[in-house]
$ cat model-v6.txt   # compact mmCIF, C-alpha atoms
# COMPACT_ATOMS: atom_id res chain seq x y z
CA MET A 6 -43.19 -1.94 31.48
CA ARG A 7 -40.10 -3.99 32.36
CA VAL A 8 -40.99 -6.61 29.75
CA VAL A 9 -41.58 -3.96 27.10
CA GLY A 10 -38.29 -2.31 28.10
CA ALA A 11 -36.46 -5.63 27.74
CA VAL A 12 -37.87 -6.05 24.21
CA VAL A 13 -36.80 -2.52 23.31
CA GLY A 14 -33.38 -3.20 24.84
CA GLY A 15 -32.93 -6.33 22.77
CA MET A 16 -33.84 -4.46 19.60
CA LEU A 17 -31.41 -1.66 20.51
CA VAL A 18 -28.54 -4.11 21.05
CA LEU A 19 -29.33 -5.86 17.77
CA ALA A 20 -29.51 -2.53 15.90
CA ALA A 21 -26.15 -1.47 17.36
CA TRP A 22 -24.52 -4.73 16.24
CA VAL A 23 -25.97 -4.45 12.75
CA ASN A 24 -24.70 -0.89 12.47
CA ILE A 25 -21.24 -1.84 13.75
CA ALA A 26 -21.00 -4.70 11.26
CA ALA A 27 -22.16 -2.48 8.37
CA THR A 28 -19.71 0.28 9.30
CA LEU A 29 -16.59 -1.66 10.26
CA ILE A 30 -16.83 -5.14 8.74
CA ILE A 31 -19.05 -5.43 5.67
CA PRO A 32 -17.71 -3.81 2.47
CA ARG A 33 -20.30 -1.53 0.88
CA GLY A 34 -22.29 -1.69 4.11
CA ARG A 35 -25.11 0.73 4.77
CA VAL A 36 -23.56 3.90 6.14
CA GLY A 37 -26.62 5.97 6.97
CA PHE A 38 -26.00 6.07 10.73
CA ILE A 39 -22.37 7.13 10.47
CA LEU A 40 -23.50 9.97 8.22
CA LEU A 41 -25.84 11.19 10.95
CA VAL A 42 -22.96 11.34 13.43
CA ASP A 43 -20.70 12.92 10.81
CA ARG A 44 -23.23 15.63 10.03
CA ALA A 45 -23.75 16.42 13.71
CA VAL A 46 -20.00 16.84 14.24
CA ASP A 47 -19.70 18.80 11.00
CA ARG A 48 -22.24 21.33 12.24
CA LEU A 49 -20.09 21.95 15.30
CA TYR A 50 -17.03 22.49 13.13
CA ARG A 51 -18.92 24.86 10.84
CA VAL A 52 -19.84 27.03 13.81
CA ALA A 53 -16.28 26.95 15.15
CA GLY A 54 -14.81 27.65 11.70
CA ARG A 55 -16.76 30.86 11.26
CA ALA A 56 -14.54 32.56 13.83
CA LEU A 57 -11.38 31.67 11.86
CA ARG A 58 -10.69 33.98 8.94
CA SER A 59 -7.50 32.43 7.56
CA TYR A 60 -7.67 29.21 5.61
CA GLU A 61 -4.56 27.81 7.34
CA ARG A 62 -6.18 27.98 10.79
CA ARG A 63 -9.43 26.54 9.50
CA ASP A 64 -7.55 23.68 7.83
CA THR A 65 -5.78 22.93 11.12
CA LEU A 66 -9.13 22.83 12.90
CA LEU A 67 -10.75 20.61 10.26
CA ALA A 68 -7.84 18.15 10.42
CA SER A 69 -9.13 17.02 13.83
CA GLN A 70 -12.70 16.44 12.62
CA PRO A 71 -12.31 12.75 11.62
CA ALA A 72 -10.84 11.87 15.02
CA LEU A 73 -13.72 13.53 16.85
CA THR A 74 -16.27 11.83 14.60
CA LEU A 75 -14.72 8.39 15.20
CA GLY A 76 -14.70 9.05 18.94
CA ALA A 77 -18.32 10.19 18.88
CA LEU A 78 -19.31 7.11 16.89
CA LEU A 79 -17.66 4.82 19.44
CA LEU A 80 -19.37 6.63 22.32
CA VAL A 81 -22.76 6.31 20.61
CA TRP A 82 -22.27 2.56 20.14
CA LEU A 83 -21.19 2.09 23.77
CA ALA A 84 -24.11 4.20 25.00
CA ALA A 85 -26.49 2.09 22.92
CA PHE A 86 -25.07 -1.05 24.52
CA VAL A 87 -25.35 0.38 28.04
CA VAL A 88 -29.00 1.32 27.50
CA GLY A 89 -29.84 -1.87 25.59
CA TRP A 90 -28.26 -4.32 28.03
CA GLY A 91 -29.58 -2.25 30.96
CA LEU A 92 -33.12 -2.61 29.64
CA LEU A 93 -32.57 -6.36 29.25
CA LEU A 94 -31.46 -6.51 32.89
CA TRP A 95 -34.41 -4.42 34.07
CA PRO A 96 -36.86 -7.34 34.63
CA GLU A 97 -34.28 -9.14 36.80
CA VAL A 98 -32.88 -6.19 38.74
CA ARG A 99 -36.33 -4.65 39.24
CA SER A 100 -35.06 -1.06 39.06
CA LEU A 101 -33.86 0.75 35.94
CA GLY A 102 -31.08 2.77 37.60
CA PRO A 103 -29.23 -0.23 39.09
CA ALA A 104 -29.81 -2.14 35.83
CA LEU A 105 -28.05 0.56 33.80
CA ARG A 106 -25.30 0.72 36.44
CA GLN A 107 -24.77 -3.03 36.21
CA ALA A 108 -24.75 -2.94 32.40
CA GLY A 109 -22.18 -0.16 32.38
CA SER A 110 -20.01 -2.05 34.86
CA SER A 111 -20.06 -5.11 32.60
CA ILE A 112 -19.50 -3.32 29.29
CA PHE A 113 -16.49 -1.41 30.59
CA THR A 114 -15.32 -4.57 32.45
CA LEU A 115 -15.16 -2.74 35.78
CA GLY A 116 -16.92 -5.47 37.73
CA PHE A 117 -18.16 -3.36 40.63
CA ALA A 118 -21.79 -4.33 39.95
CA SER A 119 -22.84 -7.90 39.23
CA ALA A 120 -25.60 -10.42 39.87
CA ARG A 121 -25.56 -13.87 41.44
CA THR A 122 -28.49 -15.46 39.61
CA ALA A 123 -28.13 -17.20 36.25
CA ALA A 124 -30.03 -14.93 33.81
CA PRO A 125 -28.43 -11.61 34.86
CA THR A 126 -25.01 -13.25 34.93
CA VAL A 127 -25.41 -14.38 31.31
CA ILE A 128 -26.45 -10.87 30.31
CA ASP A 129 -23.43 -9.45 32.17
CA PHE A 130 -21.09 -11.75 30.25
CA LEU A 131 -22.70 -10.82 26.92
CA ALA A 132 -22.52 -7.12 27.75
CA ALA A 133 -18.83 -7.43 28.71
CA GLY A 134 -18.13 -9.23 25.44
CA SER A 135 -19.95 -6.51 23.49
CA GLY A 136 -17.80 -3.78 25.02
CA LEU A 137 -14.54 -5.63 24.34
CA VAL A 138 -15.47 -6.57 20.77
CA VAL A 139 -16.64 -3.12 19.69
CA VAL A 140 -13.48 -1.46 21.05
CA ALA A 141 -11.31 -4.12 19.37
CA LEU A 142 -13.11 -3.65 16.06
CA GLN A 143 -12.66 0.11 16.29
CA ILE A 144 -8.93 -0.35 16.90
CA ALA A 145 -8.66 -2.80 13.99
CA TYR A 146 -10.62 -0.32 11.84
CA LEU A 147 -7.93 2.37 12.13
CA PRO A 148 -5.15 0.55 10.18
CA THR A 149 -7.60 -0.01 7.33
CA LEU A 150 -8.41 3.68 7.25
CA TYR A 151 -4.79 4.80 7.37
CA SER A 152 -3.71 2.29 4.74
CA ALA A 153 -6.30 3.66 2.30
CA TYR A 154 -5.39 7.20 3.36
CA ASN A 155 -1.69 6.57 2.69
CA ARG A 156 -2.35 5.15 -0.79
CA ARG A 157 -4.52 8.14 -1.60
CA GLU A 158 -2.10 10.78 -0.36
CA THR A 159 0.96 9.23 -2.01
CA GLU A 160 -0.40 10.05 -5.47
CA VAL A 161 -1.59 13.47 -4.29
CA THR A 162 1.92 14.28 -3.05
CA LEU A 163 3.48 13.00 -6.28
CA LEU A 164 1.17 15.30 -8.24
CA SER A 165 2.33 18.48 -6.51
CA PRO A 166 5.48 19.02 -8.65
CA ARG A 167 3.42 18.27 -11.75
CA ALA A 168 0.34 20.41 -11.04
CA GLY A 169 1.37 23.08 -8.55
CA THR A 170 -0.17 23.68 -5.14
CA PRO A 171 -3.15 23.89 -5.17
CA ALA A 172 -3.35 21.63 -8.21
CA TRP A 173 -4.69 23.03 -11.49
CA GLY A 174 -5.40 21.10 -14.69
CA PRO A 175 -3.79 23.46 -17.24
CA GLU A 176 -0.69 23.64 -15.04
CA VAL A 177 -0.25 19.88 -15.46
CA LEU A 178 -0.03 20.22 -19.23
CA ALA A 179 2.14 23.35 -19.01
CA ARG A 180 4.71 21.72 -16.73
CA VAL A 181 4.85 18.56 -18.81
CA GLN A 182 5.58 20.68 -21.87
CA LEU A 183 8.24 22.67 -20.01
CA SER A 184 9.95 19.44 -18.96
CA GLY A 185 9.84 18.08 -22.52
CA ASN A 186 8.16 14.87 -21.42
CA LEU A 187 4.76 14.69 -23.10
CA GLU A 188 5.02 10.90 -23.13
CA GLY A 189 4.84 10.99 -19.34
CA LEU A 190 1.19 12.00 -19.50
CA ASP A 191 0.29 8.47 -20.54
CA LEU A 192 1.70 7.09 -17.28
CA LEU A 193 0.08 9.87 -15.27
CA TYR A 194 -3.37 9.13 -16.67
CA GLU A 195 -2.91 5.40 -16.08
CA SER A 196 -1.84 5.84 -12.45
CA TRP A 197 -4.78 8.17 -11.71
CA GLU A 198 -7.20 5.75 -13.33
CA ARG A 199 -6.08 3.17 -10.77
CA TRP A 200 -6.15 5.82 -8.03
CA SER A 201 -9.79 6.60 -8.84
CA ALA A 202 -10.72 2.92 -8.73
CA ASP A 203 -9.03 2.52 -5.34
CA VAL A 204 -10.65 5.64 -3.87
CA ALA A 205 -14.08 4.68 -5.24
CA GLU A 206 -13.89 1.31 -3.47
CA SER A 207 -12.32 2.39 -0.18
CA HIS A 208 -14.07 5.71 0.38
CA SER A 209 -17.53 4.43 -0.49
CA SER A 210 -17.07 1.53 1.97
CA TYR A 211 -15.51 3.75 4.66
CA PRO A 212 -16.92 7.25 4.13
CA MET A 213 -14.98 8.58 7.11
CA LEU A 214 -11.99 8.76 4.73
CA LEU A 215 -13.67 11.64 2.92
CA ARG A 216 -12.96 13.87 5.94
CA PHE A 217 -9.28 13.02 6.24
CA ARG A 218 -7.32 16.00 4.91
CA SER A 219 -3.96 16.05 3.15
CA PRO A 220 -0.84 16.64 5.29
CA GLN A 221 -0.14 19.94 3.53
CA PRO A 222 -2.78 22.67 3.98
CA TYR A 223 -2.84 23.66 0.29
CA ALA A 224 -3.09 20.10 -1.02
CA SER A 225 -6.39 18.26 -1.39
CA TRP A 226 -7.32 14.90 -2.84
CA VAL A 227 -10.54 16.33 -4.35
CA VAL A 228 -8.75 19.26 -6.00
CA SER A 229 -5.95 16.97 -7.20
CA GLN A 230 -8.35 14.56 -8.86
CA LEU A 231 -10.23 17.44 -10.45
CA ALA A 232 -6.94 18.82 -11.79
CA VAL A 233 -6.00 15.48 -13.39
CA LEU A 234 -9.47 15.11 -14.93
CA ASP A 235 -9.29 18.68 -16.26
CA ALA A 236 -5.85 17.98 -17.72
CA ALA A 237 -7.12 14.83 -19.45
CA ALA A 238 -10.24 16.59 -20.75
CA LEU A 239 -8.22 19.57 -21.95
CA HIS A 240 -5.72 17.26 -23.64
CA LEU A 241 -8.46 15.39 -25.49
CA ALA A 242 -10.23 18.62 -26.45
CA ALA A 243 -7.06 20.30 -27.72
CA CYS A 244 -5.36 17.28 -29.31
CA PRO A 245 -7.98 14.79 -30.52
CA ASP A 246 -5.50 12.92 -32.73
CA SER A 247 -2.44 12.74 -30.48
CA ALA A 248 -3.97 12.50 -26.99
CA PRO A 249 -3.41 9.01 -25.51
CA TYR A 250 -6.29 6.61 -25.02
CA THR A 251 -5.45 6.44 -21.31
CA ALA A 252 -6.82 9.98 -20.99
CA ARG A 253 -10.29 8.66 -21.84
CA LEU A 254 -9.94 5.78 -19.37
CA CYS A 255 -8.78 8.18 -16.66
CA LEU A 256 -11.80 10.40 -17.25
CA GLN A 257 -14.26 7.51 -17.29
CA MET A 258 -12.96 6.04 -14.05
CA GLY A 259 -12.65 9.51 -12.53
CA PHE A 260 -16.25 10.58 -12.93
CA ASN A 261 -17.47 7.10 -11.96
CA CYS A 262 -15.47 7.49 -8.74
CA LEU A 263 -16.89 10.94 -7.99
CA ARG A 264 -20.46 9.79 -8.60
CA ASN A 265 -19.98 6.80 -6.29
CA LEU A 266 -18.72 9.07 -3.54
CA VAL A 267 -21.54 11.61 -3.76
CA ARG A 268 -24.05 8.74 -3.74
CA THR A 269 -22.41 7.55 -0.52
CA LEU A 270 -23.18 10.98 0.93
CA HIS A 271 -26.78 10.66 -0.30
CA VAL A 272 -26.29 13.57 -2.71
CA SER A 273 -28.08 13.27 -6.04
CA VAL A 274 -26.28 14.15 -9.28
CA GLU A 275 -27.08 13.67 -12.95
CA GLU A 276 -26.00 10.15 -13.93
CA ASP A 277 -25.80 10.69 -17.69
CA PRO A 278 -25.54 14.41 -18.55
CA ARG A 279 -25.65 15.62 -22.12
CA PRO A 280 -22.42 16.99 -23.66
CA ASP A 281 -24.13 20.31 -24.32
CA ASP A 282 -25.43 20.74 -20.76
CA PRO A 283 -24.17 23.90 -19.04
CA VAL A 284 -21.14 23.90 -16.74
CA GLN A 285 -20.19 26.40 -14.06
CA LEU A 286 -16.73 27.00 -15.53
CA THR A 287 -16.90 30.12 -17.67
CA TRP A 288 -15.37 30.76 -21.06
CA GLY A 289 -13.09 33.36 -19.51
CA GLU A 290 -11.73 30.88 -16.98
CA PHE A 291 -11.21 28.31 -19.70
CA LEU A 292 -9.35 30.85 -21.81
CA GLU A 293 -7.07 31.61 -18.86
CA GLY A 294 -6.14 27.93 -18.63
CA TRP A 295 -5.74 27.66 -22.39
CA THR A 296 -3.35 30.60 -22.36
CA ARG A 297 -1.30 29.04 -19.58
CA MET A 298 -0.66 25.81 -21.48
CA THR A 299 -0.17 27.36 -24.93
CA GLU A 300 2.18 30.13 -23.80
CA VAL A 301 4.81 27.47 -23.04
CA GLY A 302 4.35 25.82 -26.43
CA PHE A 303 2.03 22.91 -25.65
CA PRO A 304 1.17 21.45 -29.10
CA VAL A 305 -2.52 21.91 -29.86
CA GLU A 306 -4.54 20.79 -32.86
CA ARG A 307 -7.55 23.07 -32.32
CA THR A 308 -8.14 26.67 -31.47
CA ALA A 309 -9.55 27.63 -28.08
CA GLU A 310 -12.96 28.27 -29.66
CA GLU A 311 -12.95 24.82 -31.30
CA ALA A 312 -11.75 23.03 -28.17
CA TRP A 313 -14.18 24.70 -25.73
CA PRO A 314 -17.34 22.69 -26.56
CA HIS A 315 -15.38 19.43 -26.47
CA PHE A 316 -13.81 20.28 -23.11
CA ARG A 317 -17.20 21.30 -21.75
CA GLY A 318 -18.65 17.99 -23.00
CA TRP A 319 -16.09 16.10 -20.91
CA ARG A 320 -16.26 18.34 -17.84
CA VAL A 321 -20.04 18.15 -17.52
CA ASN A 322 -19.58 14.52 -16.42
CA TYR A 323 -17.54 15.29 -13.32
CA GLU A 324 -17.84 19.00 -12.48
CA ASN A 325 -20.96 18.85 -10.33
CA PRO A 326 -19.95 15.86 -8.13
CA ALA A 327 -16.43 17.29 -7.73
CA PHE A 328 -17.84 20.67 -6.68
CA ARG A 329 -20.20 18.98 -4.20
CA LEU A 330 -17.38 17.00 -2.60
CA ALA A 331 -15.07 20.03 -2.44
CA TYR A 332 -17.82 21.99 -0.69
CA VAL A 333 -18.70 19.21 1.76
CA VAL A 334 -15.10 18.61 2.88
CA ASP A 335 -14.25 22.33 2.61
CA ALA A 336 -11.22 21.61 0.41
CA VAL A 337 -8.55 24.21 -0.23
CA PRO A 338 -9.83 26.98 -2.55
CA ALA A 339 -8.38 26.42 -6.02
CA ARG A 340 -8.93 27.43 -9.62
CA TRP A 341 -11.70 25.66 -11.52
CA SER A 342 -12.90 23.88 -8.34
CA GLY A 343 -16.12 25.70 -7.44
CA PRO A 344 -17.29 27.57 -4.33
CA ARG A 345 -16.39 26.91 -0.70
CA ARG A 346 -18.26 27.48 2.55
CA THR A 347 -16.34 30.62 3.47
CA GLY A 348 -15.48 32.10 0.06
CA SER A 349 -11.73 32.05 0.76
CA ILE A 350 -9.30 33.66 -1.66
CA VAL A 351 -7.93 31.22 -4.23
CA PRO A 352 -4.12 30.95 -3.98
CA VAL A 353 -2.39 31.01 -7.37
CA PRO A 354 0.07 28.14 -7.95
CA ARG A 355 3.66 29.21 -8.43
CA LYS A 356 4.78 28.93 -12.03
CA PHE A 357 7.36 26.28 -12.77
CA VAL A 358 10.85 27.79 -13.12
CA ASN A 359 13.72 25.67 -14.46
CA ARG A 360 16.85 27.21 -12.94
CA THR A 361 20.20 26.06 -14.41
CA PRO A 362 23.80 27.36 -14.28
CA ASP A 363 23.34 28.73 -17.80
CA HIS A 364 19.94 30.24 -16.99
CA PRO A 365 19.86 31.14 -13.27
CA GLU A 366 16.65 33.11 -13.73
CA GLY A 367 14.97 30.18 -15.43
CA ALA A 368 15.47 28.39 -18.74
CA PRO A 369 12.63 28.65 -21.29
CA ARG A 370 12.07 24.90 -21.08
CA VAL A 371 13.69 21.66 -20.03
CA THR A 372 14.94 19.46 -22.83
CA LYS A 373 14.96 15.70 -22.64
CA ARG A 374 18.74 15.77 -22.31
CA GLY A 375 18.50 18.27 -19.48
CA ALA A 376 20.97 20.89 -18.43

$ encode --input "model-v6.txt" --output "structure tokens"
Amino acid sequence: MRVVGAVVGGMLVLAAWVNIAATLIIPRGRVGFILLVDRAVDRLYRVAGRALRSYERRDTLLASQPALTLGALLLVWLAAFVVGWGLLLWPEVRSLGPALRQAGSSIFTLGFASARTAAPTVIDFLAAGSGLVVVALQIAYLPTLYSAYNRRETEVTLLSPRAGTPAWGPEVLARVQLSGNLEGLDLLYESWERWSADVAESHSSYPMLLRFRSPQPYASWVVSQLAVLDAAALHLAACPDSAPYTARLCLQMGFNCLRNLVRTLHVSVEEDPRPDDPVQLTWGEFLEGWTRMTEVGFPVERTAEEAWPHFRGWRVNYENPAFRLAYVVDAVPARWSGPRRTGSIVPVPRKFVNRTPDHPEGAPRVTKRGA
């Protein structure tokens, strides 16, 4: 039994090291184990969140979820090392309890239990090194996470004045028209194309980033990306001749990003949907967005009826993965962003008001010269 236990212990230590390397070191590593821990912690937060009726309190609770998941992951790795090295010590120590005690003493570098013979001493040194290395890797892992988080949230914060809070695609086009800066959409689409590429690489390699929430309760990276993609799709559908080419690139990179992320979560989505496939967004909801952007004078080249099938043909590529992600991370409820776990009321973004000395209640629009 002690020999069999030592073999099992060696396999457990090896499996822990492989999982640590795949999670913390190797880009695009296999992330199946971290998803198991994440789902276990998520179940606890779902139960706790049911008692909170307001979205603000639930958002505050969910903000702590990534920290608890990282802590649980570290504890699981350390526990695997204690059991694995303890089983390896079992043939030498002759009793499982003292073997586990000695392994724990070595891993946490306490030193109150040790051996005098050669083989157990080597195992003690290896166990102590394992504990130090895994804690060091976890500490080094945090700056990588927060660097990617900061890059992600910088663009989300910059989008707030352009898209409202929570972000909404038609509001992007409406506010650009009100500011008299339609040319600025080209730069917006280009920056969010790069944002999608960055998020696709970082969040698929480190899926823990999916759980990190925006600093403001009514901001969300998922909802923000969906708003930009809706704005680009609506722009192309309404203005096929004048819409910039960067809108197409933004859309292409955007739905590639969303599909990569849902694949990381082991969620299956249609890889190549047809343009005439159904979408969950209704005609009435689309018409509401169309009214918002046209009531401020956004120049359109098609009617709402003509633009609808073209917009739907774009949206079918990213709607389902965006809805899945918004549901999984329980993003802020927002227009055109699908259902949530708790069916919270969708807050309506405040309409942009340009207040000037000549128009203290709000000018009809901002000219390029400004007021």

$ closest_atom_pairs --input "model-v6.txt" --of "segment 222-270 of chain A" --to "segment 328-340 of chain A" --cutoff "10 Å" --atoms "only C-alpha atoms" --output "CSV"
residue,atom,partner,partner_atom,distance
A:Pro222,CA,A:Val337,CA,7.3
A:Tyr223,CA,A:Val337,CA,5.8
A:Ala224,CA,A:Val337,CA,6.9
A:Ser225,CA,A:Ala336,CA,6.1
A:Trp226,CA,A:Ala336,CA,8.4
A:Val227,CA,A:Ala331,CA,6.2
A:Val228,CA,A:Ala339,CA,7.2
A:Ser229,CA,A:Ala339,CA,9.8
A:Leu231,CA,A:Phe328,CA,9.1
A:Ala232,CA,A:Arg340,CA,9.1
A:Leu263,CA,A:Leu330,CA,8.1
A:Arg264,CA,A:Leu330,CA,9.9
A:Leu266,CA,A:Leu330,CA,8.1
A:Val267,CA,A:Leu330,CA,6.9
A:Leu270,CA,A:Leu330,CA,9.1

$ closest_residue --input "model-v6.txt" --among "A:Leu67, A:Leu187, A:Leu94, A:Val161" --to "Trp200 of chain A" --atoms "all atoms listed in the file"
A:Val161

$ atom_distance --input "model-v6.txt" --atom1 "atom CA of Gly289 of chain A" --atom2 "atom CA of Glu276 of chain A"
27.1 Å

$ atom_distance --input "model-v6.txt" --atom1 "atom CA of Thr159 of chain A" --atom2 "atom CA of Pro220 of chain A"
10.6 Å

$ atom_distance --input "model-v6.txt" --atom1 "atom CA of Trp90 of chain A" --atom2 "atom CA of Ala132 of chain A"
6.4 Å

$ closest_residue --input "model-v6.txt" --among "A:Gly169, A:Leu29, A:Ala237, A:Leu101" --to "Leu190 of chain A" --atoms "only C-alpha atoms"
A:Ala237

$ decode --input "model-v6.txt" --residues "segment 14-34 of chain A" --atoms "N, CA and C atoms" --output "PDB file, in the first residue's frame"
ATOM      1  N   GLY A  14       1.184   9.483  -5.209  1.00  0.00           N
ATOM      2  CA  GLY A  14       1.693  10.779  -4.785  1.00  0.00           C
ATOM      3  C   GLY A  14       2.554  11.438  -5.846  1.00  0.00           C
ATOM      4  N   GLY A  15       3.412  10.647  -6.488  1.00  0.00           N
ATOM      5  CA  GLY A  15       4.229  11.197  -7.558  1.00  0.00           C
ATOM      6  C   GLY A  15       3.394  11.706  -8.716  1.00  0.00           C
ATOM      7  N   MET A  16       2.351  10.949  -9.072  1.00  0.00           N
ATOM      8  CA  MET A  16       1.468  11.386 -10.153  1.00  0.00           C
ATOM      9  C   MET A  16       0.711  12.656  -9.766  1.00  0.00           C
ATOM     10  N   LEU A  17       0.319  12.767  -8.488  1.00  0.00           N
ATOM     11  CA  LEU A  17      -0.404  13.951  -8.029  1.00  0.00           C
ATOM     12  C   LEU A  17       0.489  15.189  -8.066  1.00  0.00           C
ATOM     13  N   VAL A  18       1.738  15.046  -7.647  1.00  0.00           N
ATOM     14  CA  VAL A  18       2.678  16.171  -7.713  1.00  0.00           C
ATOM     15  C   VAL A  18       2.913  16.584  -9.159  1.00  0.00           C
ATOM     16  N   LEU A  19       3.109  15.606 -10.037  1.00  0.00           N
ATOM     17  CA  LEU A  19       3.329  15.914 -11.449  1.00  0.00           C
ATOM     18  C   LEU A  19       2.112  16.604 -12.054  1.00  0.00           C
ATOM     19  N   ALA A  20       0.903  16.113 -11.732  1.00  0.00           N
ATOM     20  CA  ALA A  20      -0.317  16.724 -12.258  1.00  0.00           C
ATOM     21  C   ALA A  20      -0.473  18.161 -11.768  1.00  0.00           C
ATOM     22  N   ALA A  21      -0.113  18.402 -10.499  1.00  0.00           N
ATOM     23  CA  ALA A  21      -0.203  19.767  -9.965  1.00  0.00           C
ATOM     24  C   ALA A  21       0.754  20.701 -10.690  1.00  0.00           C
ATOM     25  N   TRP A  22       1.991  20.229 -10.960  1.00  0.00           N
ATOM     26  CA  TRP A  22       2.951  21.068 -11.661  1.00  0.00           C
ATOM     27  C   TRP A  22       2.516  21.353 -13.098  1.00  0.00           C
ATOM     28  N   VAL A  23       1.969  20.354 -13.758  1.00  0.00           N
ATOM     29  CA  VAL A  23       1.489  20.557 -15.126  1.00  0.00           C
ATOM     30  C   VAL A  23       0.359  21.584 -15.133  1.00  0.00           C
ATOM     31  N   ASN A  24      -0.551  21.471 -14.165  1.00  0.00           N
ATOM     32  CA  ASN A  24      -1.656  22.421 -14.111  1.00  0.00           C
ATOM     33  C   ASN A  24      -1.181  23.829 -13.782  1.00  0.00           C
ATOM     34  N   ILE A  25      -0.212  23.958 -12.885  1.00  0.00           N
ATOM     35  CA  ILE A  25       0.331  25.274 -12.552  1.00  0.00           C
ATOM     36  C   ILE A  25       1.001  25.900 -13.771  1.00  0.00           C
ATOM     37  N   ALA A  26       1.780  25.117 -14.489  1.00  0.00           N
ATOM     38  CA  ALA A  26       2.449  25.636 -15.680  1.00  0.00           C
ATOM     39  C   ALA A  26       1.437  26.060 -16.741  1.00  0.00           C
ATOM     40  N   ALA A  27       0.390  25.247 -16.940  1.00  0.00           N
ATOM     41  CA  ALA A  27      -0.621  25.574 -17.951  1.00  0.00           C
ATOM     42  C   ALA A  27      -1.418  26.805 -17.564  1.00  0.00           C
ATOM     43  N   THR A  28      -1.626  27.023 -16.273  1.00  0.00           N
ATOM     44  CA  THR A  28      -2.441  28.143 -15.821  1.00  0.00           C
ATOM     45  C   THR A  28      -1.655  29.435 -15.735  1.00  0.00           C
ATOM     46  N   LEU A  29      -0.418  29.375 -15.230  1.00  0.00           N
ATOM     47  CA  LEU A  29       0.320  30.590 -14.911  1.00  0.00           C
ATOM     48  C   LEU A  29       1.449  30.913 -15.872  1.00  0.00           C
ATOM     49  N   ILE A  30       1.943  29.946 -16.624  1.00  0.00           N
ATOM     50  CA  ILE A  30       3.163  30.161 -17.404  1.00  0.00           C
ATOM     51  C   ILE A  30       2.918  30.064 -18.909  1.00  0.00           C
ATOM     52  N   ILE A  31       2.273  28.999 -19.347  1.00  0.00           N
ATOM     53  CA  ILE A  31       2.172  28.718 -20.779  1.00  0.00           C
ATOM     54  C   ILE A  31       1.010  29.493 -21.381  1.00  0.00           C
ATOM     55  N   PRO A  32       1.257  30.379 -22.373  1.00  0.00           N
ATOM     56  CA  PRO A  32       0.143  31.026 -23.059  1.00  0.00           C
ATOM     57  C   PRO A  32      -0.717  29.989 -23.772  1.00  0.00           C
ATOM     58  N   ARG A  33      -2.013  30.217 -23.755  1.00  0.00           N
ATOM     59  CA  ARG A  33      -2.976  29.294 -24.360  1.00  0.00           C
ATOM     60  C   ARG A  33      -2.901  27.910 -23.725  1.00  0.00           C
ATOM     61  N   GLY A  34      -2.503  27.872 -22.433  1.00  0.00           N
ATOM     62  CA  GLY A  34      -2.456  26.594 -21.738  1.00  0.00           C
ATOM     63  C   GLY A  34      -3.848  26.030 -21.535  1.00  0.00           C
TER      64      GLY A  34
END
